[in-house]
Amino acid sequence: DDDTPTDTSGGNNNGRENLSGDIRISGSSTVYPVAQEVSRLWNEEYGDGVGFNITPDGSGGGFENVFIPGDSDINNASRPIKDEEVQRCRDAGIEPVEFYVAQDALTVVVNNDADWLDEITLEDLATIWSPDTAPETWSDVNSDWPDEPFDLYGPASTSGTYDYFIEAVIGETEADQPIRSDFEGTEEDNLIAQGVAGNEYALGYLPFAYYTNNPDSVKALSLSEGGNDPVEPSLEGAQSGNYPLARPLFFYANMNKLQEKTHLQEYIRFYINEADEDYIAEDIGYVPSSDQMVEDNLANLEAGIAGDYEFSR
C-alpha cells in the first residue's frame with residue numbers, strides 16, 4: 001500500500017508549501033488517530049510551516065470546553081453534533097461545518113481468559129450497563145455465566161462514544177443517570193483495553209481502531225440484536241451496516257476560522273481527499289470515505305469558505 005499523500009484538488013498543491021499558521025484540533029479520541037496521521041502526512045508533504053495542536057478531549061468535552069468557546073478550528077466527533085451544541089455554537093457566533101469522514105465498528109471486548117463468552121446480545125448489554133438494572137454479577141444476567149462481579153470499562157461521559165453507546169444500547173432509563181456509574185471511565189481508549197486485559201471478568205467497549213491495535217490483549221465479542229445471528233466487528237460489517245454498532249465519524253470546522261485562514265482551508269481540503277485512502281482502514285482501522293462522502297465534504301468546504309454554509313440535519 002502506498003501511503004504517499006494524494007491531492008485531487010485540481011492538479012496543483014495550491015502553494016501549500018508556502019502556507020504557515022496554527023491549526024487547533026479538539027474533540028473525539030476515536031477520530032484522534034485519523035487527525036494525527038493526516039496532519040503528519042501534511043507536514044511530510046508540505047513542510048512544517050503549519051503547526052498542529054491535536055488533543056483527545058472527547059466529542060462533547062471538545063465542543064463544550066474548546067470549540068464553542070472559539071479556541072479550536074476543528075472538533076472531531078464520534079457521533080453527530082447535538083441540536084443543543086449547534087444552538088450553543090450559533091449563540092457564540094459560530095456556524096459548525098460538518099464533514100462525515102469515516103465509519104467505525106464500536107467493539108465490545110472481554111478478557112482473553114473469558115472462554116465462556118464469545119457473543120452477546122445488545123439486550124444483555126443494556127441489562128448490564130443500565131442504571132435501572134445494574135446487575136452485580138455475570139450470573140445475574142445469564143445463569144450460564146460465572147457468579148463473579150463485573151469489572152466494567154468504557155469511555156468517560158465527555159466522550160461521543162459514551163453518548164453513542166447510551167443511545168444505541170441503553171436507550172431511555174428510569175433513573176436520573178443514563179448509564180450505571182460504577183465503571184472505569186477514561187478518554188484514553190488504550191486504557192480500556194489494558195483494564196479489560198487485566199481482569200478475567202472485565203467487560204468494556206471501545207472503537208474498532210483501538211481493538212485492532214490491541215488484538216492479542218483482549219477478545220472482541222460478536223453482537224446480535226432482536227434475535228438475529230451474531231455479527232463479529234469488522235470494517236465490512238461497519239460499511240454494510242450489518243454490524244449492530246456501526247457508526248459514522250465526523251469532524252466539524254468553525255466557519256469563521258475557515259473563512260479567515262487559508263492554511264485551514266487547504267488542510268481540510270487535503271484531509272477530505274486523504275480520508276478515502278486505504279491506510280485509513282489498513283493502518284488505523286476505520287472504513288474510509290466513499291467517493292460520495294468526498295464529493296459532499298468538498299461541497300461543504302466550498303460553502304463554508306464562501307460563508308454560505310448552514311448546518312442542517
# chains A, B, ... in the order shown; residues from 1 in each chain; ligands from 1
>>> select_by_dssp(residues="segment 65-203 of chain A", states="alpha helix (DSSP H)", output="ChimeraX atom specification")
/A:83-91,122-129,138-141,160-165,189-197
>>> write_last_selection(atoms="C-alpha atoms", output="PDB file, in the first residue's frame")
ATOM      1  CA  ASP A  83     -29.013  20.136  18.423  1.00  0.00           C
ATOM      2  CA  GLU A  84     -28.166  21.935  21.670  1.00  0.00           C
ATOM      3  CA  GLU A  85     -24.491  22.070  20.639  1.00  0.00           C
ATOM      4  CA  VAL A  86     -25.443  23.612  17.290  1.00  0.00           C
ATOM      5  CA  GLN A  87     -27.502  26.226  19.139  1.00  0.00           C
ATOM      6  CA  ARG A  88     -24.666  26.978  21.554  1.00  0.00           C
ATOM      7  CA  CYS A  89     -22.296  27.343  18.592  1.00  0.00           C
ATOM      8  CA  ARG A  90     -24.643  29.843  16.977  1.00  0.00           C
ATOM      9  CA  ASP A  91     -25.124  31.697  20.264  1.00  0.00           C
ATOM     10  CA  LEU A 122     -27.485  -5.847  22.684  1.00  0.00           C
ATOM     11  CA  GLU A 123     -30.320  -6.629  25.059  1.00  0.00           C
ATOM     12  CA  ASP A 124     -27.904  -8.250  27.547  1.00  0.00           C
ATOM     13  CA  LEU A 125     -25.523  -5.313  27.159  1.00  0.00           C
ATOM     14  CA  ALA A 126     -28.396  -2.980  28.021  1.00  0.00           C
ATOM     15  CA  THR A 127     -29.149  -5.029  31.120  1.00  0.00           C
ATOM     16  CA  ILE A 128     -25.512  -4.937  32.210  1.00  0.00           C
ATOM     17  CA  TRP A 129     -24.997  -1.185  31.687  1.00  0.00           C
ATOM     18  CA  TRP A 138     -22.428 -12.063  35.343  1.00  0.00           C
ATOM     19  CA  SER A 139     -24.804 -14.804  36.526  1.00  0.00           C
ATOM     20  CA  ASP A 140     -27.399 -12.137  37.401  1.00  0.00           C
ATOM     21  CA  VAL A 141     -27.747 -11.600  33.636  1.00  0.00           C
ATOM     22  CA  GLY A 160     -19.020  10.821  21.895  1.00  0.00           C
ATOM     23  CA  THR A 161     -18.557   7.052  22.135  1.00  0.00           C
ATOM     24  CA  TYR A 162     -20.227   7.183  25.557  1.00  0.00           C
ATOM     25  CA  ASP A 163     -23.131   9.181  24.073  1.00  0.00           C
ATOM     26  CA  TYR A 164     -23.458   6.797  21.122  1.00  0.00           C
ATOM     27  CA  PHE A 165     -23.404   3.684  23.329  1.00  0.00           C
ATOM     28  CA  ASP A 189      -9.100   4.180  24.775  1.00  0.00           C
ATOM     29  CA  ASN A 190      -5.929   2.128  25.190  1.00  0.00           C
ATOM     30  CA  LEU A 191      -6.545   2.200  28.955  1.00  0.00           C
ATOM     31  CA  ILE A 192      -9.901   0.495  28.363  1.00  0.00           C
ATOM     32  CA  ALA A 193      -8.140  -2.352  26.563  1.00  0.00           C
ATOM     33  CA  GLN A 194      -5.499  -2.529  29.300  1.00  0.00           C
ATOM     34  CA  GLY A 195      -8.147  -2.616  32.031  1.00  0.00           C
ATOM     35  CA  VAL A 196     -10.052  -5.444  30.377  1.00  0.00           C
ATOM     36  CA  ALA A 197      -6.795  -7.336  29.777  1.00  0.00           C
TER      37      ALA A 197
END
>>> residues_around(residues="segment 53-62 of chain A", least_positions_apart="2", cutoff="9 Å", atoms="only C-alpha atoms", output="VMD selection string")
chain A and resid 22 to 32 35 to 36 51 64 to 68 72 75 to 79 81 85 155 to 161 163 187 to 188
>>> write_last_selection(atoms="N, CA, C and O atoms", output="compact mmCIF listing (two decimals), in the first residue's frame")
# COMPACT_ATOMS: atom_id res chain seq x y z
N ASP A 22 -1.20 28.15 12.59
CA ASP A 22 -1.50 27.07 13.53
C ASP A 22 -2.91 26.54 13.29
O ASP A 22 -3.80 27.29 12.87
N ILE A 23 -3.10 25.26 13.55
CA ILE A 23 -4.42 24.64 13.50
C ILE A 23 -4.64 23.89 14.81
O ILE A 23 -3.86 23.00 15.17
N ARG A 24 -5.69 24.26 15.50
CA ARG A 24 -6.04 23.63 16.78
C ARG A 24 -7.19 22.67 16.53
O ARG A 24 -8.25 23.05 16.03
N ILE A 25 -6.98 21.38 16.85
CA ILE A 25 -7.99 20.34 16.65
C ILE A 25 -8.32 19.72 18.00
O ILE A 25 -7.44 19.17 18.67
N SER A 26 -9.58 19.80 18.38
CA SER A 26 -10.04 19.24 19.66
C SER A 26 -11.00 18.09 19.40
O SER A 26 -11.29 17.75 18.25
N GLY A 27 -11.48 17.47 20.47
CA GLY A 27 -12.59 16.53 20.34
C GLY A 27 -12.27 15.07 20.49
O GLY A 27 -11.39 14.66 21.25
N SER A 28 -12.97 14.26 19.72
CA SER A 28 -13.06 12.81 19.87
C SER A 28 -11.72 12.08 19.90
O SER A 28 -10.87 12.27 19.03
N SER A 29 -11.58 11.18 20.89
CA SER A 29 -10.40 10.31 20.91
C SER A 29 -10.51 9.23 19.83
O SER A 29 -9.49 8.67 19.41
N THR A 30 -11.73 8.92 19.39
CA THR A 30 -11.92 7.95 18.31
C THR A 30 -11.34 8.45 17.00
O THR A 30 -10.65 7.72 16.28
N VAL A 31 -11.60 9.72 16.68
CA VAL A 31 -11.14 10.31 15.43
C VAL A 31 -9.69 10.81 15.54
O VAL A 31 -9.02 11.03 14.53
N TYR A 32 -9.20 10.95 16.75
CA TYR A 32 -7.86 11.47 17.03
C TYR A 32 -6.77 10.84 16.18
O TYR A 32 -5.96 11.56 15.59
N ALA A 35 -6.84 12.25 12.59
CA ALA A 35 -6.34 13.62 12.53
C ALA A 35 -4.82 13.65 12.71
O ALA A 35 -4.12 14.42 12.03
N GLN A 36 -4.30 12.83 13.59
CA GLN A 36 -2.85 12.75 13.80
C GLN A 36 -2.12 12.33 12.52
O GLN A 36 -1.12 12.94 12.13
N GLY A 51 1.56 24.47 12.08
CA GLY A 51 1.70 23.76 13.35
C GLY A 51 0.37 23.21 13.80
O GLY A 51 -0.66 23.88 13.70
N GLU A 64 -17.71 21.51 24.21
CA GLU A 64 -18.04 22.39 25.34
C GLU A 64 -16.86 23.25 25.78
O GLU A 64 -17.03 24.45 26.02
N ASN A 65 -15.69 22.65 25.87
CA ASN A 65 -14.58 23.33 26.51
C ASN A 65 -13.62 24.02 25.55
O ASN A 65 -12.84 24.87 25.97
N VAL A 66 -13.66 23.64 24.27
CA VAL A 66 -12.66 24.17 23.34
C VAL A 66 -13.30 24.81 22.09
O VAL A 66 -13.03 25.97 21.77
N PHE A 67 -14.15 24.05 21.39
CA PHE A 67 -14.68 24.52 20.10
C PHE A 67 -15.67 25.65 20.26
O PHE A 67 -15.57 26.69 19.60
N ILE A 68 -16.68 25.47 21.12
CA ILE A 68 -17.72 26.51 21.26
C ILE A 68 -17.15 27.80 21.87
O ILE A 68 -17.56 28.90 21.44
N SER A 72 -10.73 26.28 19.23
CA SER A 72 -10.23 25.32 18.24
C SER A 72 -10.84 25.61 16.87
O SER A 72 -11.95 26.15 16.77
N ASN A 75 -13.34 20.41 15.53
CA ASN A 75 -13.65 19.49 16.63
C ASN A 75 -14.02 18.14 16.03
O ASN A 75 -14.96 18.02 15.24
N ASN A 76 -13.25 17.11 16.38
CA ASN A 76 -13.57 15.74 15.98
C ASN A 76 -14.76 15.23 16.77
O ASN A 76 -14.93 15.59 17.94
N ALA A 77 -15.56 14.35 16.16
CA ALA A 77 -16.74 13.84 16.85
C ALA A 77 -17.04 12.42 16.39
O ALA A 77 -17.09 12.14 15.20
N SER A 78 -17.26 11.53 17.36
CA SER A 78 -17.59 10.14 17.04
C SER A 78 -19.10 9.91 17.07
O SER A 78 -19.56 8.78 17.12
N ARG A 79 -19.84 11.00 17.02
CA ARG A 79 -21.30 10.98 16.86
C ARG A 79 -21.70 12.32 16.28
O ARG A 79 -20.94 13.29 16.34
N ILE A 81 -23.13 16.02 15.82
CA ILE A 81 -23.29 17.14 16.73
C ILE A 81 -24.74 17.19 17.22
O ILE A 81 -25.68 16.91 16.47
N GLU A 85 -25.85 21.60 20.93
CA GLU A 85 -24.49 22.07 20.64
C GLU A 85 -24.49 23.01 19.44
O GLU A 85 -23.75 24.01 19.43
N PRO A 155 -15.63 4.57 27.88
CA PRO A 155 -15.26 5.97 27.72
C PRO A 155 -15.90 6.85 28.80
O PRO A 155 -16.95 6.52 29.36
N ALA A 156 -15.26 7.97 29.08
CA ALA A 156 -15.79 8.94 30.04
C ALA A 156 -17.03 9.63 29.48
O ALA A 156 -17.32 9.57 28.28
N SER A 157 -17.75 10.32 30.34
CA SER A 157 -19.01 10.96 29.95
C SER A 157 -18.82 12.10 28.96
O SER A 157 -19.78 12.54 28.33
N THR A 158 -17.59 12.60 28.80
CA THR A 158 -17.31 13.66 27.82
C THR A 158 -17.15 13.10 26.41
O THR A 158 -17.02 13.86 25.45
N SER A 159 -17.19 11.77 26.29
CA SER A 159 -16.89 11.10 25.02
C SER A 159 -18.13 10.94 24.14
O SER A 159 -19.21 10.62 24.62
N GLY A 160 -17.94 11.10 22.84
CA GLY A 160 -19.02 10.82 21.89
C GLY A 160 -19.33 9.34 21.83
O GLY A 160 -20.47 8.95 21.54
N THR A 161 -18.33 8.49 22.10
CA THR A 161 -18.56 7.05 22.14
C THR A 161 -19.50 6.69 23.27
O THR A 161 -20.38 5.84 23.13
N ASP A 163 -21.80 8.73 24.51
CA ASP A 163 -23.13 9.18 24.07
C ASP A 163 -23.75 8.18 23.09
O ASP A 163 -24.94 7.86 23.19
N GLU A 187 -10.82 8.91 28.75
CA GLU A 187 -10.70 9.36 27.37
C GLU A 187 -9.54 8.65 26.65
O GLU A 187 -9.33 8.85 25.47
N GLU A 188 -8.79 7.82 27.37
CA GLU A 188 -7.67 7.08 26.79
C GLU A 188 -8.16 5.67 26.44
O GLU A 188 -8.23 4.79 27.31
>>> select_by_dssp(residues="segment 66-300 of chain A", states="strand (DSSP E)", output="number ranges by chain")
A: 74-77, 96-105, 107-111, 119-121, 151-155, 184-186, 202-206, 218-220, 222-224, 246-254
>>> atom_distance(atom1="atom CA of Phe311 of chain A", atom2="atom CA of Phe251 of chain A")
13.0 Å
>>> residues_around(residues="segment 98-113 of chain A", least_positions_apart="5", cutoff="7 Å", atoms="only C-alpha atoms", output="PyMOL selection string")
chain A and resi 196-197+199-208+217-221+233-235+238-239+245-253+275+286-289+293+297
>>> write_last_selection(atoms="N, CA and C atoms", output="mmCIF file, in the first residue's frame")
data_model
loop_
_atom_site.group_PDB
_atom_site.id
_atom_site.type_symbol
_atom_site.label_atom_id
_atom_site.label_comp_id
_atom_site.auth_asym_id
_atom_site.auth_seq_id
_atom_site.Cartn_x
_atom_site.Cartn_y
_atom_site.Cartn_z
ATOM 1 N N VAL A 196 -9.388 -4.167 30.665
ATOM 2 C CA VAL A 196 -10.052 -5.444 30.377
ATOM 3 C C VAL A 196 -9.028 -6.581 30.357
ATOM 4 N N ALA A 197 -7.842 -6.306 29.838
ATOM 5 C CA ALA A 197 -6.795 -7.336 29.777
ATOM 6 C C ALA A 197 -6.344 -7.771 31.159
ATOM 7 N N ASN A 199 -8.244 -8.225 33.943
ATOM 8 C CA ASN A 199 -9.227 -8.854 34.820
ATOM 9 C C ASN A 199 -10.062 -9.857 34.029
ATOM 10 N N GLU A 200 -10.108 -11.085 34.496
ATOM 11 C CA GLU A 200 -10.800 -12.155 33.778
ATOM 12 C C GLU A 200 -12.284 -11.870 33.604
ATOM 13 N N TYR A 201 -12.872 -11.099 34.506
ATOM 14 C CA TYR A 201 -14.318 -10.860 34.470
ATOM 15 C C TYR A 201 -14.650 -9.430 34.049
ATOM 16 N N ALA A 202 -13.749 -8.854 33.288
ATOM 17 C CA ALA A 202 -13.952 -7.492 32.813
ATOM 18 C C ALA A 202 -14.735 -7.462 31.496
ATOM 19 N N LEU A 203 -15.393 -6.323 31.262
ATOM 20 C CA LEU A 203 -16.119 -6.055 30.010
ATOM 21 C C LEU A 203 -15.922 -4.590 29.687
ATOM 22 N N GLY A 204 -15.700 -4.284 28.419
ATOM 23 C CA GLY A 204 -15.564 -2.896 28.019
ATOM 24 C C GLY A 204 -15.989 -2.690 26.582
ATOM 25 N N TYR A 205 -16.024 -1.451 26.151
ATOM 26 C CA TYR A 205 -16.302 -1.148 24.742
ATOM 27 C C TYR A 205 -15.398 -0.001 24.309
ATOM 28 N N LEU A 206 -14.973 -0.058 23.040
ATOM 29 C CA LEU A 206 -14.014 0.908 22.519
ATOM 30 C C LEU A 206 -14.068 0.909 20.995
ATOM 31 N N PRO A 207 -13.530 1.949 20.349
ATOM 32 C CA PRO A 207 -13.532 1.989 18.883
ATOM 33 C C PRO A 207 -12.771 0.816 18.281
ATOM 34 N N PHE A 208 -13.192 0.384 17.100
ATOM 35 C CA PHE A 208 -12.570 -0.760 16.436
ATOM 36 C C PHE A 208 -11.078 -0.534 16.217
ATOM 37 N N SER A 217 -4.440 -8.682 23.292
ATOM 38 C CA SER A 217 -4.609 -8.433 24.722
ATOM 39 C C SER A 217 -6.050 -8.603 25.186
ATOM 40 N N VAL A 218 -7.019 -8.464 24.269
ATOM 41 C CA VAL A 218 -8.434 -8.618 24.612
ATOM 42 C C VAL A 218 -9.154 -9.390 23.513
ATOM 43 N N LYS A 219 -10.359 -9.856 23.824
ATOM 44 C CA LYS A 219 -11.169 -10.618 22.862
ATOM 45 C C LYS A 219 -12.416 -9.819 22.498
ATOM 46 N N ALA A 220 -12.659 -9.672 21.199
ATOM 47 C CA ALA A 220 -13.855 -8.974 20.732
ATOM 48 C C ALA A 220 -15.042 -9.938 20.687
ATOM 49 N N LEU A 221 -16.204 -9.449 21.098
ATOM 50 C CA LEU A 221 -17.410 -10.264 21.069
ATOM 51 C C LEU A 221 -18.217 -9.991 19.800
ATOM 52 N N PRO A 233 -17.325 -7.825 14.912
ATOM 53 C CA PRO A 233 -16.947 -6.479 14.474
ATOM 54 C C PRO A 233 -15.940 -6.541 13.334
ATOM 55 N N SER A 234 -16.172 -5.753 12.300
ATOM 56 C CA SER A 234 -15.276 -5.710 11.154
ATOM 57 C C SER A 234 -15.556 -4.443 10.366
ATOM 58 N N LEU A 235 -14.609 -4.065 9.524
ATOM 59 C CA LEU A 235 -14.825 -2.915 8.659
ATOM 60 C C LEU A 235 -15.918 -3.194 7.642
ATOM 61 N N ALA A 238 -19.180 -2.730 9.365
ATOM 62 C CA ALA A 238 -19.462 -1.315 9.579
ATOM 63 C C ALA A 238 -19.937 -0.662 8.292
ATOM 64 N N GLN A 239 -19.287 -1.005 7.183
ATOM 65 C CA GLN A 239 -19.625 -0.388 5.899
ATOM 66 C C GLN A 239 -21.007 -0.809 5.426
ATOM 67 N N LEU A 245 -23.400 -2.204 15.911
ATOM 68 C CA LEU A 245 -22.876 -0.950 16.441
ATOM 69 C C LEU A 245 -21.986 -0.231 15.421
ATOM 70 N N ALA A 246 -22.385 -0.283 14.138
ATOM 71 C CA ALA A 246 -21.725 0.524 13.107
ATOM 72 C C ALA A 246 -22.132 1.979 13.298
ATOM 73 N N ARG A 247 -21.179 2.889 13.175
ATOM 74 C CA ARG A 247 -21.491 4.315 13.415
ATOM 75 C C ARG A 247 -20.619 5.222 12.552
ATOM 76 N N PRO A 248 -21.107 6.426 12.262
ATOM 77 C CA PRO A 248 -20.339 7.382 11.473
ATOM 78 C C PRO A 248 -19.385 8.200 12.336
ATOM 79 N N LEU A 249 -18.311 8.693 11.721
ATOM 80 C CA LEU A 249 -17.333 9.554 12.380
ATOM 81 C C LEU A 249 -17.234 10.878 11.628
ATOM 82 N N PHE A 250 -17.090 11.973 12.378
ATOM 83 C CA PHE A 250 -17.150 13.318 11.803
ATOM 84 C C PHE A 250 -16.015 14.201 12.298
ATOM 85 N N PHE A 251 -15.816 15.331 11.608
ATOM 86 C CA PHE A 251 -15.205 16.489 12.244
ATOM 87 C C PHE A 251 -15.993 17.716 11.824
ATOM 88 N N TYR A 252 -15.944 18.739 12.671
ATOM 89 C CA TYR A 252 -16.684 19.976 12.450
ATOM 90 C C TYR A 252 -15.701 21.144 12.460
ATOM 91 N N ALA A 253 -15.857 22.048 11.507
ATOM 92 C CA ALA A 253 -14.983 23.217 11.412
ATOM 93 C C ALA A 253 -15.751 24.482 11.774
ATOM 94 N N ALA A 275 -9.008 11.097 3.314
ATOM 95 C CA ALA A 275 -9.908 10.234 4.096
ATOM 96 C C ALA A 275 -10.471 9.064 3.301
ATOM 97 N N TYR A 286 -10.522 2.096 10.379
ATOM 98 C CA TYR A 286 -11.867 2.598 10.099
ATOM 99 C C TYR A 286 -12.186 2.433 8.618
ATOM 100 N N VAL A 287 -13.475 2.489 8.286
ATOM 101 C CA VAL A 287 -13.890 2.453 6.890
ATOM 102 C C VAL A 287 -13.634 3.827 6.281
ATOM 103 N N PRO A 288 -12.846 3.927 5.204
ATOM 104 C CA PRO A 288 -12.541 5.235 4.605
ATOM 105 C C PRO A 288 -13.783 5.893 3.993
ATOM 106 N N SER A 289 -13.640 7.163 3.661
ATOM 107 C CA SER A 289 -14.706 7.886 2.974
ATOM 108 C C SER A 289 -14.998 7.248 1.616
ATOM 109 N N MET A 293 -18.997 10.648 -0.202
ATOM 110 C CA MET A 293 -18.657 11.415 1.001
ATOM 111 C C MET A 293 -17.626 12.482 0.681
ATOM 112 N N ASN A 297 -18.300 16.376 1.133
ATOM 113 C CA ASN A 297 -17.434 17.133 2.032
ATOM 114 C C ASN A 297 -16.777 18.315 1.321
#
>>> closest_residue(among="A:Pro146, A:Gly154, A:Gly93, A:Pro33", to="Pro69 of chain A", atoms="only C-alpha atoms")
A:Gly93
